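Reproduced below: structure.cif, with mmCIF, N, CA and C atoms.
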```cif
data_entry
loop_
_atom_site.group_PDB
_atom_site.id
_atom_site.type_symbol
_atom_site.label_atom_id
_atom_site.label_comp_id
_atom_site.auth_asym_id
_atom_site.auth_seq_id
_atom_site.Cartn_x
_atom_site.Cartn_y
_atom_site.Cartn_z
ATOM 1 N N MET A 1 -49.039 -6.528 -44.525
ATOM 2 C CA MET A 1 -47.972 -6.128 -43.669
ATOM 3 C C MET A 1 -48.507 -5.891 -42.268
ATOM 4 N N LYS A 2 -47.760 -6.457 -41.296
ATOM 5 C CA LYS A 2 -48.205 -6.343 -39.907
ATOM 6 C C LYS A 2 -47.775 -5.015 -39.326
ATOM 7 N N LYS A 3 -48.660 -4.471 -38.527
ATOM 8 C CA LYS A 3 -48.329 -3.236 -37.821
ATOM 9 C C LYS A 3 -47.620 -3.584 -36.527
ATOM 10 N N LYS A 4 -46.611 -2.792 -36.170
ATOM 11 C CA LYS A 4 -45.925 -2.991 -34.905
ATOM 12 C C LYS A 4 -46.742 -2.354 -33.806
ATOM 13 N N LYS A 5 -46.793 -3.078 -32.692
ATOM 14 C CA LYS A 5 -47.520 -2.542 -31.547
ATOM 15 C C LYS A 5 -46.656 -1.511 -30.841
ATOM 16 N N ILE A 6 -47.242 -0.441 -30.496
ATOM 17 C CA ILE A 6 -46.542 0.573 -29.720
ATOM 18 C C ILE A 6 -46.899 0.336 -28.261
ATOM 19 N N VAL A 7 -45.855 0.152 -27.461
ATOM 20 C CA VAL A 7 -46.071 -0.101 -26.038
ATOM 21 C C VAL A 7 -45.957 1.217 -25.301
ATOM 22 N N LYS A 8 -46.976 1.513 -24.540
ATOM 23 C CA LYS A 8 -46.951 2.731 -23.743
ATOM 24 C C LYS A 8 -46.316 2.415 -22.397
ATOM 25 N N VAL A 9 -45.412 3.271 -21.976
ATOM 26 C CA VAL A 9 -44.706 3.087 -20.721
ATOM 27 C C VAL A 9 -45.103 4.219 -19.793
ATOM 28 N N ASP A 10 -45.395 3.837 -18.562
ATOM 29 C CA ASP A 10 -45.712 4.843 -17.561
ATOM 30 C C ASP A 10 -44.404 5.551 -17.200
ATOM 31 N N LEU A 11 -44.294 6.819 -17.535
ATOM 32 C CA LEU A 11 -43.073 7.581 -17.334
ATOM 33 C C LEU A 11 -42.648 7.610 -15.863
ATOM 34 N N PHE A 12 -43.588 7.753 -14.964
ATOM 35 C CA PHE A 12 -43.267 7.803 -13.535
ATOM 36 C C PHE A 12 -42.632 6.494 -13.084
ATOM 37 N N LYS A 13 -43.202 5.357 -13.471
ATOM 38 C CA LYS A 13 -42.642 4.060 -13.082
ATOM 39 C C LYS A 13 -41.270 3.854 -13.699
ATOM 40 N N PHE A 14 -41.093 4.300 -14.932
ATOM 41 C CA PHE A 14 -39.819 4.173 -15.605
ATOM 42 C C PHE A 14 -38.729 4.976 -14.885
ATOM 43 N N LEU A 15 -39.010 6.223 -14.573
ATOM 44 C CA LEU A 15 -38.041 7.075 -13.881
ATOM 45 C C LEU A 15 -37.762 6.573 -12.464
ATOM 46 N N ARG A 16 -38.799 6.077 -11.797
ATOM 47 C CA ARG A 16 -38.610 5.518 -10.462
ATOM 48 C C ARG A 16 -37.692 4.304 -10.520
ATOM 49 N N GLY A 17 -37.859 3.465 -11.512
ATOM 50 C CA GLY A 17 -37.013 2.293 -11.677
ATOM 51 C C GLY A 17 -35.560 2.675 -11.921
ATOM 52 N N ILE A 18 -35.344 3.667 -12.762
ATOM 53 C CA ILE A 18 -33.981 4.132 -13.021
ATOM 54 C C ILE A 18 -33.372 4.728 -11.758
ATOM 55 N N PHE A 19 -34.148 5.503 -11.021
ATOM 56 C CA PHE A 19 -33.662 6.106 -9.778
ATOM 57 C C PHE A 19 -33.268 5.023 -8.770
ATOM 58 N N ILE A 20 -34.088 4.018 -8.602
ATOM 59 C CA ILE A 20 -33.792 2.926 -7.666
ATOM 60 C C ILE A 20 -32.543 2.175 -8.107
ATOM 61 N N PHE A 21 -32.402 1.960 -9.400
ATOM 62 C CA PHE A 21 -31.220 1.279 -9.926
ATOM 63 C C PHE A 21 -29.947 2.049 -9.574
ATOM 64 N N PHE A 22 -29.947 3.365 -9.810
ATOM 65 C CA PHE A 22 -28.750 4.159 -9.521
ATOM 66 C C PHE A 22 -28.477 4.275 -8.026
ATOM 67 N N VAL A 23 -29.496 4.336 -7.223
ATOM 68 C CA VAL A 23 -29.293 4.350 -5.774
ATOM 69 C C VAL A 23 -28.683 3.028 -5.331
ATOM 70 N N PHE A 24 -29.150 1.940 -5.862
ATOM 71 C CA PHE A 24 -28.609 0.623 -5.545
ATOM 72 C C PHE A 24 -27.129 0.538 -5.937
ATOM 73 N N ILE A 25 -26.783 0.992 -7.134
ATOM 74 C CA ILE A 25 -25.394 0.991 -7.592
ATOM 75 C C ILE A 25 -24.539 1.875 -6.689
ATOM 76 N N PHE A 26 -25.049 3.028 -6.289
ATOM 77 C CA PHE A 26 -24.320 3.930 -5.413
ATOM 78 C C PHE A 26 -24.034 3.274 -4.060
ATOM 79 N N ILE A 27 -25.018 2.632 -3.481
ATOM 80 C CA ILE A 27 -24.846 1.976 -2.175
ATOM 81 C C ILE A 27 -23.830 0.840 -2.279
ATOM 82 N N ILE A 28 -23.908 0.051 -3.317
ATOM 83 C CA ILE A 28 -22.958 -1.040 -3.524
ATOM 84 C C ILE A 28 -21.543 -0.480 -3.669
ATOM 85 N N SER A 29 -21.386 0.608 -4.427
ATOM 86 C CA SER A 29 -20.047 1.185 -4.615
ATOM 87 C C SER A 29 -19.489 1.738 -3.316
ATOM 88 N N LEU A 30 -20.335 2.227 -2.422
ATOM 89 C CA LEU A 30 -19.857 2.693 -1.118
ATOM 90 C C LEU A 30 -19.277 1.543 -0.311
ATOM 91 N N PHE A 31 -19.956 0.411 -0.298
ATOM 92 C CA PHE A 31 -19.462 -0.742 0.449
ATOM 93 C C PHE A 31 -18.166 -1.278 -0.158
ATOM 94 N N ILE A 32 -18.104 -1.363 -1.464
ATOM 95 C CA ILE A 32 -16.901 -1.861 -2.125
ATOM 96 C C ILE A 32 -15.748 -0.890 -1.903
ATOM 97 N N GLY A 33 -15.998 0.394 -2.067
ATOM 98 C CA GLY A 33 -14.961 1.396 -1.869
ATOM 99 C C GLY A 33 -14.453 1.423 -0.450
ATOM 100 N N LYS A 34 -15.330 1.264 0.499
ATOM 101 C CA LYS A 34 -14.913 1.274 1.900
ATOM 102 C C LYS A 34 -14.017 0.075 2.189
ATOM 103 N N LYS A 35 -14.356 -1.059 1.623
ATOM 104 C CA LYS A 35 -13.557 -2.259 1.859
ATOM 105 C C LYS A 35 -12.196 -2.152 1.181
ATOM 106 N N ILE A 36 -12.138 -1.589 -0.009
ATOM 107 C CA ILE A 36 -10.895 -1.503 -0.749
ATOM 108 C C ILE A 36 -9.988 -0.413 -0.192
ATOM 109 N N TYR A 37 -10.551 0.742 0.092
ATOM 110 C CA TYR A 37 -9.733 1.892 0.454
ATOM 111 C C TYR A 37 -9.622 2.155 1.941
ATOM 112 N N SER A 38 -10.253 1.357 2.763
ATOM 113 C CA SER A 38 -10.164 1.628 4.192
ATOM 114 C C SER A 38 -8.844 1.088 4.736
ATOM 115 N N HIS A 39 -8.199 1.891 5.514
ATOM 116 C CA HIS A 39 -6.955 1.509 6.167
ATOM 117 C C HIS A 39 -7.107 1.826 7.639
ATOM 118 N N ASP A 40 -6.560 0.937 8.440
ATOM 119 C CA ASP A 40 -6.561 1.223 9.857
ATOM 120 C C ASP A 40 -5.638 2.405 10.113
ATOM 121 N N GLU A 41 -5.902 3.084 11.200
ATOM 122 C CA GLU A 41 -5.073 4.226 11.550
ATOM 123 C C GLU A 41 -3.657 3.752 11.862
ATOM 124 N N VAL A 42 -2.684 4.395 11.246
ATOM 125 C CA VAL A 42 -1.289 4.035 11.463
ATOM 126 C C VAL A 42 -0.786 4.792 12.682
ATOM 127 N N LYS A 43 -0.165 4.054 13.586
ATOM 128 C CA LYS A 43 0.405 4.632 14.794
ATOM 129 C C LYS A 43 1.893 4.336 14.799
ATOM 130 N N ASN A 44 2.589 4.944 15.706
ATOM 131 C CA ASN A 44 4.011 4.664 15.874
ATOM 132 C C ASN A 44 4.244 4.036 17.232
ATOM 133 N N LYS A 45 5.188 3.128 17.276
ATOM 134 C CA LYS A 45 5.635 2.595 18.557
ATOM 135 C C LYS A 45 7.132 2.834 18.650
ATOM 136 N N GLU A 46 7.657 2.798 19.852
ATOM 137 C CA GLU A 46 9.080 3.007 20.049
ATOM 138 C C GLU A 46 9.777 1.678 20.285
ATOM 139 N N VAL A 47 10.901 1.500 19.624
ATOM 140 C CA VAL A 47 11.712 0.299 19.779
ATOM 141 C C VAL A 47 13.044 0.736 20.380
ATOM 142 N N TYR A 48 13.391 0.159 21.515
ATOM 143 C CA TYR A 48 14.652 0.465 22.184
ATOM 144 C C TYR A 48 15.719 -0.490 21.686
ATOM 145 N N ILE A 49 16.799 0.045 21.174
ATOM 146 C CA ILE A 49 17.857 -0.759 20.585
ATOM 147 C C ILE A 49 18.784 -1.266 21.687
ATOM 148 N N THR A 50 19.000 -2.572 21.693
ATOM 149 C CA THR A 50 19.894 -3.194 22.671
ATOM 150 C C THR A 50 21.210 -3.578 21.983
ATOM 151 N N LYS A 51 22.128 -4.070 22.752
ATOM 152 C CA LYS A 51 23.452 -4.427 22.250
ATOM 153 C C LYS A 51 23.346 -5.452 21.117
ATOM 154 N N ASP A 52 24.161 -5.275 20.118
ATOM 155 C CA ASP A 52 24.295 -6.170 18.964
ATOM 156 C C ASP A 52 23.079 -6.212 18.043
ATOM 157 N N GLU A 53 22.122 -5.318 18.208
ATOM 158 C CA GLU A 53 21.006 -5.270 17.267
ATOM 159 C C GLU A 53 21.414 -4.455 16.053
ATOM 160 N N THR A 54 20.873 -4.855 14.912
ATOM 161 C CA THR A 54 21.105 -4.125 13.669
ATOM 162 C C THR A 54 19.758 -3.693 13.109
ATOM 163 N N LEU A 55 19.801 -2.785 12.172
ATOM 164 C CA LEU A 55 18.554 -2.372 11.533
ATOM 165 C C LEU A 55 17.904 -3.574 10.850
ATOM 166 N N TRP A 56 18.731 -4.463 10.305
ATOM 167 C CA TRP A 56 18.210 -5.668 9.663
ATOM 168 C C TRP A 56 17.463 -6.536 10.678
ATOM 169 N N SER A 57 18.026 -6.724 11.871
ATOM 170 C CA SER A 57 17.370 -7.576 12.873
ATOM 171 C C SER A 57 16.071 -6.944 13.366
ATOM 172 N N VAL A 58 16.073 -5.627 13.529
ATOM 173 C CA VAL A 58 14.840 -4.936 13.948
ATOM 174 C C VAL A 58 13.780 -5.066 12.855
ATOM 175 N N ALA A 59 14.183 -4.833 11.609
ATOM 176 C CA ALA A 59 13.248 -4.925 10.479
ATOM 177 C C ALA A 59 12.719 -6.349 10.318
ATOM 178 N N SER A 60 13.584 -7.331 10.505
ATOM 179 C CA SER A 60 13.169 -8.724 10.401
ATOM 180 C C SER A 60 12.145 -9.079 11.475
ATOM 181 N N TYR A 61 12.398 -8.627 12.700
ATOM 182 C CA TYR A 61 11.449 -8.885 13.793
ATOM 183 C C TYR A 61 10.104 -8.225 13.500
ATOM 184 N N GLU A 62 10.145 -6.967 13.051
ATOM 185 C CA GLU A 62 8.890 -6.250 12.762
ATOM 186 C C GLU A 62 8.147 -6.890 11.595
ATOM 187 N N GLN A 63 8.883 -7.371 10.619
ATOM 188 C CA GLN A 63 8.264 -8.024 9.465
ATOM 189 C C GLN A 63 7.483 -9.265 9.893
ATOM 190 N N GLU A 64 8.001 -10.002 10.849
ATOM 191 C CA GLU A 64 7.359 -11.233 11.304
ATOM 192 C C GLU A 64 6.265 -10.997 12.334
ATOM 193 N N ASN A 65 6.393 -9.946 13.154
ATOM 194 C CA ASN A 65 5.497 -9.772 14.299
ATOM 195 C C ASN A 65 4.591 -8.552 14.245
ATOM 196 N N ASN A 66 4.784 -7.676 13.301
ATOM 197 C CA ASN A 66 4.011 -6.448 13.212
ATOM 198 C C ASN A 66 3.067 -6.546 12.018
ATOM 199 N N GLU A 67 1.786 -6.477 12.266
ATOM 200 C CA GLU A 67 0.773 -6.622 11.215
ATOM 201 C C GLU A 67 0.946 -5.577 10.112
ATOM 202 N N PHE A 68 1.455 -4.419 10.457
ATOM 203 C CA PHE A 68 1.662 -3.348 9.471
ATOM 204 C C PHE A 68 2.621 -3.788 8.366
ATOM 205 N N TYR A 69 3.605 -4.586 8.705
ATOM 206 C CA TYR A 69 4.633 -4.998 7.751
ATOM 207 C C TYR A 69 4.444 -6.408 7.205
ATOM 208 N N LYS A 70 3.311 -7.051 7.482
ATOM 209 C CA LYS A 70 3.056 -8.389 6.933
ATOM 210 C C LYS A 70 3.069 -8.326 5.411
ATOM 211 N N ASN A 71 3.684 -9.314 4.800
ATOM 212 C CA ASN A 71 3.772 -9.456 3.340
ATOM 213 C C ASN A 71 4.542 -8.319 2.667
ATOM 214 N N LYS A 72 5.420 -7.669 3.401
ATOM 215 C CA LYS A 72 6.284 -6.640 2.826
ATOM 216 C C LYS A 72 7.717 -7.170 2.847
ATOM 217 N N SER A 73 8.519 -6.727 1.915
ATOM 218 C CA SER A 73 9.904 -7.193 1.846
ATOM 219 C C SER A 73 10.729 -6.568 2.967
ATOM 220 N N ILE A 74 11.827 -7.214 3.294
ATOM 221 C CA ILE A 74 12.705 -6.721 4.350
ATOM 222 C C ILE A 74 13.285 -5.362 3.952
ATOM 223 N N ASP A 75 13.557 -5.175 2.677
ATOM 224 C CA ASP A 75 14.058 -3.877 2.205
ATOM 225 C C ASP A 75 13.037 -2.775 2.418
ATOM 226 N N TYR A 76 11.783 -3.083 2.142
ATOM 227 C CA TYR A 76 10.719 -2.106 2.367
ATOM 228 C C TYR A 76 10.654 -1.714 3.841
ATOM 229 N N VAL A 77 10.701 -2.713 4.726
ATOM 230 C CA VAL A 77 10.609 -2.448 6.163
ATOM 231 C C VAL A 77 11.791 -1.597 6.617
ATOM 232 N N MET A 78 12.997 -1.959 6.175
ATOM 233 C CA MET A 78 14.180 -1.189 6.558
ATOM 234 C C MET A 78 14.093 0.255 6.058
ATOM 235 N N ASN A 79 13.710 0.441 4.818
ATOM 236 C CA ASN A 79 13.599 1.794 4.268
ATOM 237 C C ASN A 79 12.510 2.597 4.972
ATOM 238 N N ASP A 80 11.413 1.943 5.337
ATOM 239 C CA ASP A 80 10.340 2.630 6.046
ATOM 240 C C ASP A 80 10.813 3.093 7.426
ATOM 241 N N ILE A 81 11.534 2.246 8.128
ATOM 242 C CA ILE A 81 12.059 2.612 9.452
ATOM 243 C C ILE A 81 13.066 3.751 9.313
ATOM 244 N N LYS A 82 13.939 3.669 8.311
ATOM 245 C CA LYS A 82 14.919 4.738 8.100
ATOM 246 C C LYS A 82 14.227 6.061 7.781
ATOM 247 N N GLU A 83 13.225 6.016 6.923
ATOM 248 C CA GLU A 83 12.506 7.241 6.552
ATOM 249 C C GLU A 83 11.758 7.833 7.745
ATOM 250 N N LEU A 84 11.121 6.983 8.522
ATOM 251 C CA LEU A 84 10.357 7.442 9.680
ATOM 252 C C LEU A 84 11.255 8.098 10.723
ATOM 253 N N ASN A 85 12.497 7.649 10.804
ATOM 254 C CA ASN A 85 13.432 8.165 11.802
ATOM 255 C C ASN A 85 14.463 9.131 11.214
ATOM 256 N N ASN A 86 14.237 9.572 9.978
ATOM 257 C CA ASN A 86 15.123 10.527 9.295
ATOM 258 C C ASN A 86 16.583 10.056 9.311
ATOM 259 N N MET A 87 16.779 8.803 8.945
ATOM 260 C CA MET A 87 18.121 8.219 8.931
ATOM 261 C C MET A 87 18.630 8.149 7.498
ATOM 262 N N ASP A 88 19.891 8.541 7.309
ATOM 263 C CA ASP A 88 20.520 8.404 5.996
ATOM 264 C C ASP A 88 21.212 7.053 5.859
ATOM 265 N N LEU A 89 21.775 6.590 6.966
ATOM 266 C CA LEU A 89 22.517 5.334 6.975
ATOM 267 C C LEU A 89 21.736 4.270 7.746
ATOM 268 N N SER A 90 22.166 3.043 7.616
ATOM 269 C CA SER A 90 21.506 1.933 8.303
ATOM 270 C C SER A 90 22.117 1.627 9.660
ATOM 271 N N MET A 91 22.969 2.502 10.139
ATOM 272 C CA MET A 91 23.646 2.262 11.413
ATOM 273 C C MET A 91 22.737 2.672 12.578
ATOM 274 N N ILE A 92 22.628 1.775 13.551
ATOM 275 C CA ILE A 92 21.898 2.090 14.775
ATOM 276 C C ILE A 92 22.805 1.777 15.961
ATOM 277 N N TYR A 93 22.484 2.357 17.098
ATOM 278 C CA TYR A 93 23.354 2.257 18.262
ATOM 279 C C TYR A 93 22.586 1.781 19.477
ATOM 280 N N GLU A 94 23.272 1.119 20.365
ATOM 281 C CA GLU A 94 22.680 0.676 21.631
ATOM 282 C C GLU A 94 22.140 1.899 22.370
ATOM 283 N N GLY A 95 20.916 1.785 22.853
ATOM 284 C CA GLY A 95 20.277 2.879 23.573
ATOM 285 C C GLY A 95 19.464 3.800 22.682
ATOM 286 N N GLN A 96 19.597 3.658 21.394
ATOM 287 C CA GLN A 96 18.833 4.484 20.453
ATOM 288 C C GLN A 96 17.372 4.062 20.498
ATOM 289 N N ILE A 97 16.481 5.008 20.273
ATOM 290 C CA ILE A 97 15.038 4.725 20.225
ATOM 291 C C ILE A 97 14.569 4.966 18.799
ATOM 292 N N LEU A 98 14.009 3.939 18.198
ATOM 293 C CA LEU A 98 13.490 4.054 16.848
ATOM 294 C C LEU A 98 11.968 4.055 16.860
ATOM 295 N N LYS A 99 11.387 4.877 15.993
ATOM 296 C CA LYS A 99 9.939 4.840 15.788
ATOM 297 C C LYS A 99 9.650 3.814 14.698
ATOM 298 N N VAL A 100 8.605 3.032 14.900
ATOM 299 C CA VAL A 100 8.208 2.002 13.938
ATOM 300 C C VAL A 100 6.697 2.100 13.760
ATOM 301 N N ASN A 101 6.241 2.035 12.500
ATOM 302 C CA ASN A 101 4.806 2.068 12.230
ATOM 303 C C ASN A 101 4.112 0.804 12.718
ATOM 304 N N THR A 102 2.885 0.967 13.155
ATOM 305 C CA THR A 102 2.063 -0.160 13.594
ATOM 306 C C THR A 102 0.601 0.243 13.488
ATOM 307 N N TYR A 103 -0.294 -0.722 13.586
ATOM 308 C CA TYR A 103 -1.732 -0.423 13.596
ATOM 309 C C TYR A 103 -2.191 -0.296 15.008
#
```

The structure given in the file should be rewritten as C-alpha cells.
Amino acid sequence: MKKKKIVKVDLFKFLRGIFIFFVFIFIISLFIGKKIYSHDEVKNKEVYITKDETLWSVASYEQENNEFYKNKSIDYVMNDIKELNNMDLSMIYEGQILKVNTY
C-alpha cells in the first residue's frame, strides 16, 4: 500500500495569497458598483409654457431632447413632471413655469 505524501504549506504565503485575492475582489466590486449605481446629479430646469402647449407636448419634447428622460415612456415623463410640480391634474396654462428634471 502506497503512502500519501503530505504537502507542507507555508502558512504565511497561504494567508498572503488569500488576502491578495480578497483585496482584488474588493477592488473589482468597487469599480462594478460604481458603474452600476452611479447616477449623475439630477437638476431642475424651468420650462415656460406658451400658448397651445399641453403637458403631453412638453413631456414629448423632454422625452426626445432631455437625456434624463431617454428611454422612458411618455406616461412616466408626464407623471414625473406632475409630481415635481405638485400637480393633481394634467392641465397647464400659458405663462406657467414648470420644473423639469435634467442632468

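With all atoms listed in the file taken into account, the protein and nucleic acid residues at most 8 Å from Lys45 in chain A (excluding it and anything under 5 positions from it in its own chain) are Ile97, Leu98, Lys99, Val100, Asn101, Thr102 and Tyr103 of chain A.
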
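Note that the spacing between CA of Val58 in chain A and atom C of Asp80 in chain A amounts to 11.1 Å.
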
- Query: Using only C-alpha atoms, which of A:Thr50, A:Phe21, A:Asp10, A:Leu55 sits nearest Met87 in chain A?
  - Reply: A:Leu55

- Task: Could you pull out the residues in chain A that DSSP calls alpha helix (DSSP H) from the backbone, as a VMD selection string?
- Result: chain A and resid 11 to 37 55 to 65 74 to 84
